[in-house]
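Novice: For reference, the structure I am asking about is given below.
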Amino acid sequence: MVKQQEGNGNNKEQTVKKEPQEPSAAGLNRIKKVIAVMSGKGGVGKSTVTGLLAVSLKKQGYSVGIMDADITGPSIPRMFGINKRPENLGFGLMPAESSTGIRIMSLNLLLENEDDPVIWRGPLIGNAIQQFWNDVVWGDLDYLLVDLPPGTSDAPLTVMQSLPVDGLIVVSSPQELVGMVVKKAVKMANMMDIRVIGLVENYSYMLCPKCKEKIEVFGKSRGEEGAKEANVPYLGSLPIDYKLAKFCDEGRIEEYESPQFLGINF
């Protein structure tokens, strides 16, 4: 309330009404932990690990969201069987929700067709990631998992510079070549002063469906050795499992029994 002096000398109280401020997406968000999932190269199952981690955390009773920052190769919506477009509230977008309540935002949910290519240069990709952070109504989350594109280029750099990342999980596979690119990813995290929570080795082995013999398809596991070389904790290994591949293709990843070690205490 503001007092104004009238010309006749009388003091009168005049109420100045403030225009109600429109809510902002960022102002409604309360996210406790931001965890990025990264790989030095493509094809190691990073998005699958992100999905399994989200499912594991959700089963432990946490509220979880996934930001699909792999803008040009998004696969998270397909794994969770989501094809509904996010609702536009005017001041922000509501993320889609999976069958168990995991909140998901991906560029694929905004495309006319999920197989339309995204042919963008680095700055546009960076802008999209920042919008996924600032213009999406995530609400209250215990964990927001960020599925990064492979490598150490513009998109991972944007996430590490623009988002309050609390930790990074690196995904690898047994090939010796992967060990070199894991070191690159870890060094990037160190340069950006981001804690590396640890290393997960994917495609570590498979079990023969008949005799249950352990078969190391891509050679001997190097996960523990690679983690030691990179001076980061080793979180464990994931096998090749045709059931998991089938569940992901059918959008049923939440029905897969996640490995216990993915119940990581961040």
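Chains: A, B, ... in order of the structure tokens. Residues: from 1 per chain. Ligands: from 1, in order shown.
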Neighbouring residues of region 74-82 of chain A were defined as those with any atom within 9 Å, considering only C-alpha atoms; residues of the same chain fewer than 5 positions away were excluded. Please report them as a count of residues only.

Specialist: 28

Novice: Go through A:Ile194, A:Ala227, A:Val159, A:Leu93 and flag the residue nearest Val136 (chain A), using only C-alpha atoms for the distances.

Specialist: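 Under the stated criterion, the closest residue is A:Leu93.
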
Novice: When distances are computed from only C-alpha atoms, which of A:Gly236, A:Gly61, A:Gly40, A:Gly101 shows the smallest separation from Lys183 (chain A)?

Specialist: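 Under the stated criterion, the closest residue is A:Gly40.
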
Novice: Need the shell around Lys214 (chain A): protein/DNA/RNA residues with any atom at most 10 Å away, counting only C-alpha atoms. Skip same-chain ones fewer than 6 positions apart. Format as a VMD selection string?

Specialist: chain A and resid 204 to 208 239

Novice: With a distance cut-off of 10 Å and only C-alpha atoms, select the neighbouring residues of Ala185 (chain A), excluding the residue or stretch itself and same-chain residues fewer than 2 positions from it, and output the selection as a ChimeraX atom specification.

Specialist: /A:38-41,150-152,156,168-171,180-183,187-191,196,230

Novice: Take the residues that were just selected and, keeping N, CA, C and O atoms, output them as a PDB file, in the first residue's frame.

Specialist:
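Contents of selection.pdb, as written:
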```pdb
ATOM      1  N   MET A  38      27.282 -40.854 -18.444  1.00  0.00           N
ATOM      2  CA  MET A  38      28.139 -40.490 -19.573  1.00  0.00           C
ATOM      3  C   MET A  38      28.906 -41.697 -20.087  1.00  0.00           C
ATOM      4  O   MET A  38      29.185 -42.638 -19.348  1.00  0.00           O
ATOM      5  N   SER A  39      29.237 -41.669 -21.373  1.00  0.00           N
ATOM      6  CA  SER A  39      30.151 -42.676 -21.922  1.00  0.00           C
ATOM      7  C   SER A  39      31.146 -41.964 -22.835  1.00  0.00           C
ATOM      8  O   SER A  39      30.817 -40.936 -23.431  1.00  0.00           O
ATOM      9  N   GLY A  40      32.331 -42.513 -22.932  1.00  0.00           N
ATOM     10  CA  GLY A  40      33.337 -41.900 -23.799  1.00  0.00           C
ATOM     11  C   GLY A  40      33.027 -42.116 -25.264  1.00  0.00           C
ATOM     12  O   GLY A  40      33.464 -41.348 -26.118  1.00  0.00           O
ATOM     13  N   LYS A  41      32.281 -43.170 -25.583  1.00  0.00           N
ATOM     14  CA  LYS A  41      31.923 -43.468 -26.970  1.00  0.00           C
ATOM     15  C   LYS A  41      30.516 -44.044 -27.023  1.00  0.00           C
ATOM     16  O   LYS A  41      29.947 -44.402 -25.994  1.00  0.00           O
ATOM     17  N   PRO A 150      27.123 -39.574 -26.226  1.00  0.00           N
ATOM     18  CA  PRO A 150      28.491 -40.071 -26.055  1.00  0.00           C
ATOM     19  C   PRO A 150      29.534 -39.003 -26.363  1.00  0.00           C
ATOM     20  O   PRO A 150      29.257 -38.041 -27.077  1.00  0.00           O
ATOM     21  N   GLY A 151      30.714 -39.198 -25.808  1.00  0.00           N
ATOM     22  CA  GLY A 151      31.822 -38.309 -26.113  1.00  0.00           C
ATOM     23  C   GLY A 151      31.955 -37.146 -25.148  1.00  0.00           C
ATOM     24  O   GLY A 151      31.305 -37.091 -24.100  1.00  0.00           O
ATOM     25  N   THR A 152      32.802 -36.200 -25.537  1.00  0.00           N
ATOM     26  CA  THR A 152      33.125 -35.059 -24.667  1.00  0.00           C
ATOM     27  C   THR A 152      32.917 -33.741 -25.416  1.00  0.00           C
ATOM     28  O   THR A 152      33.690 -32.803 -25.243  1.00  0.00           O
ATOM     29  N   PRO A 156      27.641 -32.643 -23.583  1.00  0.00           N
ATOM     30  CA  PRO A 156      28.126 -32.898 -22.220  1.00  0.00           C
ATOM     31  C   PRO A 156      28.706 -31.653 -21.561  1.00  0.00           C
ATOM     32  O   PRO A 156      28.501 -31.429 -20.361  1.00  0.00           O
ATOM     33  N   LEU A 168      28.695 -37.953 -11.522  1.00  0.00           N
ATOM     34  CA  LEU A 168      28.721 -38.506 -12.871  1.00  0.00           C
ATOM     35  C   LEU A 168      28.979 -40.005 -12.802  1.00  0.00           C
ATOM     36  O   LEU A 168      29.848 -40.462 -12.056  1.00  0.00           O
ATOM     37  N   ILE A 169      28.186 -40.770 -13.559  1.00  0.00           N
ATOM     38  CA  ILE A 169      28.430 -42.207 -13.705  1.00  0.00           C
ATOM     39  C   ILE A 169      28.922 -42.461 -15.119  1.00  0.00           C
ATOM     40  O   ILE A 169      28.306 -42.001 -16.092  1.00  0.00           O
ATOM     41  N   VAL A 170      30.025 -43.163 -15.245  1.00  0.00           N
ATOM     42  CA  VAL A 170      30.614 -43.467 -16.553  1.00  0.00           C
ATOM     43  C   VAL A 170      30.294 -44.911 -16.910  1.00  0.00           C
ATOM     44  O   VAL A 170      30.436 -45.813 -16.079  1.00  0.00           O
ATOM     45  N   VAL A 171      29.845 -45.124 -18.149  1.00  0.00           N
ATOM     46  CA  VAL A 171      29.496 -46.459 -18.632  1.00  0.00           C
ATOM     47  C   VAL A 171      30.524 -46.894 -19.666  1.00  0.00           C
ATOM     48  O   VAL A 171      30.892 -46.129 -20.565  1.00  0.00           O
ATOM     49  N   MET A 180      40.450 -46.403 -23.108  1.00  0.00           N
ATOM     50  CA  MET A 180      41.056 -45.120 -23.443  1.00  0.00           C
ATOM     51  C   MET A 180      40.030 -43.992 -23.401  1.00  0.00           C
ATOM     52  O   MET A 180      40.281 -42.923 -22.838  1.00  0.00           O
ATOM     53  N   VAL A 181      38.838 -44.246 -23.962  1.00  0.00           N
ATOM     54  CA  VAL A 181      37.842 -43.177 -23.989  1.00  0.00           C
ATOM     55  C   VAL A 181      37.201 -42.961 -22.617  1.00  0.00           C
ATOM     56  O   VAL A 181      36.719 -41.869 -22.324  1.00  0.00           O
ATOM     57  N   VAL A 182      37.203 -43.987 -21.774  1.00  0.00           N
ATOM     58  CA  VAL A 182      36.743 -43.805 -20.391  1.00  0.00           C
ATOM     59  C   VAL A 182      37.635 -42.780 -19.693  1.00  0.00           C
ATOM     60  O   VAL A 182      37.147 -41.892 -18.982  1.00  0.00           O
ATOM     61  N   LYS A 183      38.930 -42.913 -19.895  1.00  0.00           N
ATOM     62  CA  LYS A 183      39.863 -41.968 -19.283  1.00  0.00           C
ATOM     63  C   LYS A 183      39.584 -40.542 -19.752  1.00  0.00           C
ATOM     64  O   LYS A 183      39.686 -39.589 -18.981  1.00  0.00           O
ATOM     65  N   LYS A 187      38.667 -37.576 -17.228  1.00  0.00           N
ATOM     66  CA  LYS A 187      39.490 -36.369 -17.213  1.00  0.00           C
ATOM     67  C   LYS A 187      38.647 -35.123 -17.444  1.00  0.00           C
ATOM     68  O   LYS A 187      38.877 -34.072 -16.848  1.00  0.00           O
ATOM     69  N   MET A 188      37.637 -35.236 -18.338  1.00  0.00           N
ATOM     70  CA  MET A 188      36.746 -34.098 -18.574  1.00  0.00           C
ATOM     71  C   MET A 188      36.001 -33.739 -17.290  1.00  0.00           C
ATOM     72  O   MET A 188      35.895 -32.561 -16.930  1.00  0.00           O
ATOM     73  N   ALA A 189      35.476 -34.757 -16.601  1.00  0.00           N
ATOM     74  CA  ALA A 189      34.767 -34.519 -15.345  1.00  0.00           C
ATOM     75  C   ALA A 189      35.684 -33.850 -14.322  1.00  0.00           C
ATOM     76  O   ALA A 189      35.278 -32.913 -13.623  1.00  0.00           O
ATOM     77  N   ASN A 190      36.927 -34.318 -14.245  1.00  0.00           N
ATOM     78  CA  ASN A 190      37.880 -33.733 -13.303  1.00  0.00           C
ATOM     79  C   ASN A 190      38.168 -32.271 -13.644  1.00  0.00           C
ATOM     80  O   ASN A 190      38.272 -31.420 -12.755  1.00  0.00           O
ATOM     81  N   MET A 191      38.298 -31.994 -14.944  1.00  0.00           N
ATOM     82  CA  MET A 191      38.566 -30.612 -15.379  1.00  0.00           C
ATOM     83  C   MET A 191      37.391 -29.695 -15.046  1.00  0.00           C
ATOM     84  O   MET A 191      37.586 -28.507 -14.767  1.00  0.00           O
ATOM     85  N   VAL A 196      33.133 -37.990  -9.932  1.00  0.00           N
ATOM     86  CA  VAL A 196      32.792 -39.218 -10.653  1.00  0.00           C
ATOM     87  C   VAL A 196      32.365 -40.253  -9.615  1.00  0.00           C
ATOM     88  O   VAL A 196      33.173 -40.700  -8.792  1.00  0.00           O
ATOM     89  N   ALA A 230      41.609 -45.379 -14.048  1.00  0.00           N
ATOM     90  CA  ALA A 230      41.044 -44.025 -14.081  1.00  0.00           C
ATOM     91  C   ALA A 230      40.894 -43.427 -12.688  1.00  0.00           C
ATOM     92  O   ALA A 230      40.462 -42.279 -12.544  1.00  0.00           O
TER      93      ALA A 230
END
```

Novice: Got a sec: who's within 8 Å of Arg30 (chain A), counting only C-alpha atoms, leaving out chain neighbours fewer than 3 positions off, as a PyMOL selection string?

Specialist: chain A and resi 138-141

Novice: For the residues selected in the previous step, produce a file with N, CA, C and O atoms as a JSON list (two decimals), in the first residue's frame.

Specialist:
```
[["chain", "number", "residue", "atom", "x", "y", "z"],
["A", 138, "TRP", "N", 9.64, -29.89, -13.61],
["A", 138, "TRP", "CA", 10.02, -31.16, -13.00],
["A", 138, "TRP", "C", 9.37, -31.35, -11.64],
["A", 138, "TRP", "O", 9.14, -32.47, -11.20],
["A", 139, "GLY", "N", 9.11, -30.23, -10.96],
["A", 139, "GLY", "CA", 8.51, -30.32, -9.63],
["A", 139, "GLY", "C", 9.50, -30.81, -8.58],
["A", 139, "GLY", "O", 10.69, -30.51, -8.64],
["A", 140, "ASP", "N", 9.01, -31.58, -7.61],
["A", 140, "ASP", "CA", 9.84, -32.12, -6.53],
["A", 140, "ASP", "C", 10.44, -33.45, -6.98],
["A", 140, "ASP", "O", 9.71, -34.40, -7.26],
["A", 141, "LEU", "N", 11.75, -33.51, -7.02],
["A", 141, "LEU", "CA", 12.44, -34.74, -7.40],
["A", 141, "LEU", "C", 13.58, -35.02, -6.43],
["A", 141, "LEU", "O", 14.31, -34.11, -6.02]]
```

Novice: Contacts of Gly223 (chain A) at 10 Å or less, counting only C-alpha atoms, minus same-chain residues fewer than 2 places along, as a list in words?

Specialist: Val171, Ser172, Ser173, Pro174, Gln175, Val178, Gly179, Leu199, Val200, Glu201, Asn202, Ser204, Lys220, Ser221, Glu225, Gly226, Ala227, Lys228, Glu229, Tyr234, Leu235, Gly236 and Ser237 of chain A

Novice: Could you jot down the CA of Val165 (chain A) to CA of Glu255 (chain A) separation for me, Å, one decimal place?

Specialist: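 Calculated distance between CA of Val165 (chain A) and CA of Glu255 (chain A) is 28.4 Å.
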
Novice: Quick one: residues within 12 Å of Asp135 (chain A), only C-alpha atoms counted, chain neighbours fewer than 6 positions away excluded, as a list of chain:residue names?

Specialist: A:Pro23, A:Ser24, A:Ala25, A:Ala26, A:Gly27, A:Leu28, A:Asn29, A:Pro86, A:Glu87, A:Asn88, A:Leu89, A:Gly90, A:Phe91, A:Gly92, A:Leu93, A:Met94, A:Pro95, A:Met105, A:Asn127, A:Ala128, A:Ile129

Novice: Between CA of Tyr256 (chain A) and CA of Ile197 (chain A), measure the distance and give it in Å to one decimal.

Specialist: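 Atom-to-atom, CA of Tyr256 (chain A) to CA of Ile197 (chain A), that is 23.7 Å.
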
Novice: Where does DSSP see strand (DSSP E) in region 15-216 of chain A, if you list the residues as a count of residues only?

Specialist: 49

Novice: Among region 15-250 of chain A, which ones does DSSP assign to helix (DSSP H, G or I) (computed from the backbone)? Answer as a ChimeraX atom specification.

Specialist: /A:25-28,46-59,76-79,107-109,122-134,154-162,176-191,223-230,242-249

Novice: In Å to one decimal, how far is CA of Tyr242 (chain A) from CA of Gly65 (chain A)?

Specialist: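 Answer for the CA of Gly65 (chain A) to CA of Tyr242 (chain A) separation: 25.9 Å.
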
Novice: When distances are computed from only C-alpha atoms, which of A:Asp241, A:Asp70, A:Glu112, A:Glu224 shows the smallest separation from Val146 (chain A)?

Specialist: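 Smallest distance to Val146 (chain A) is found for A:Asp70.
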
Novice: I'd like to know which of A:Asn83, A:Asn231, A:Ser162, A:Gln130 is closest to Ile71 (chain A), using only C-alpha atoms.

Specialist: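 The closest residue to Ile71 (chain A) is A:Gln130.
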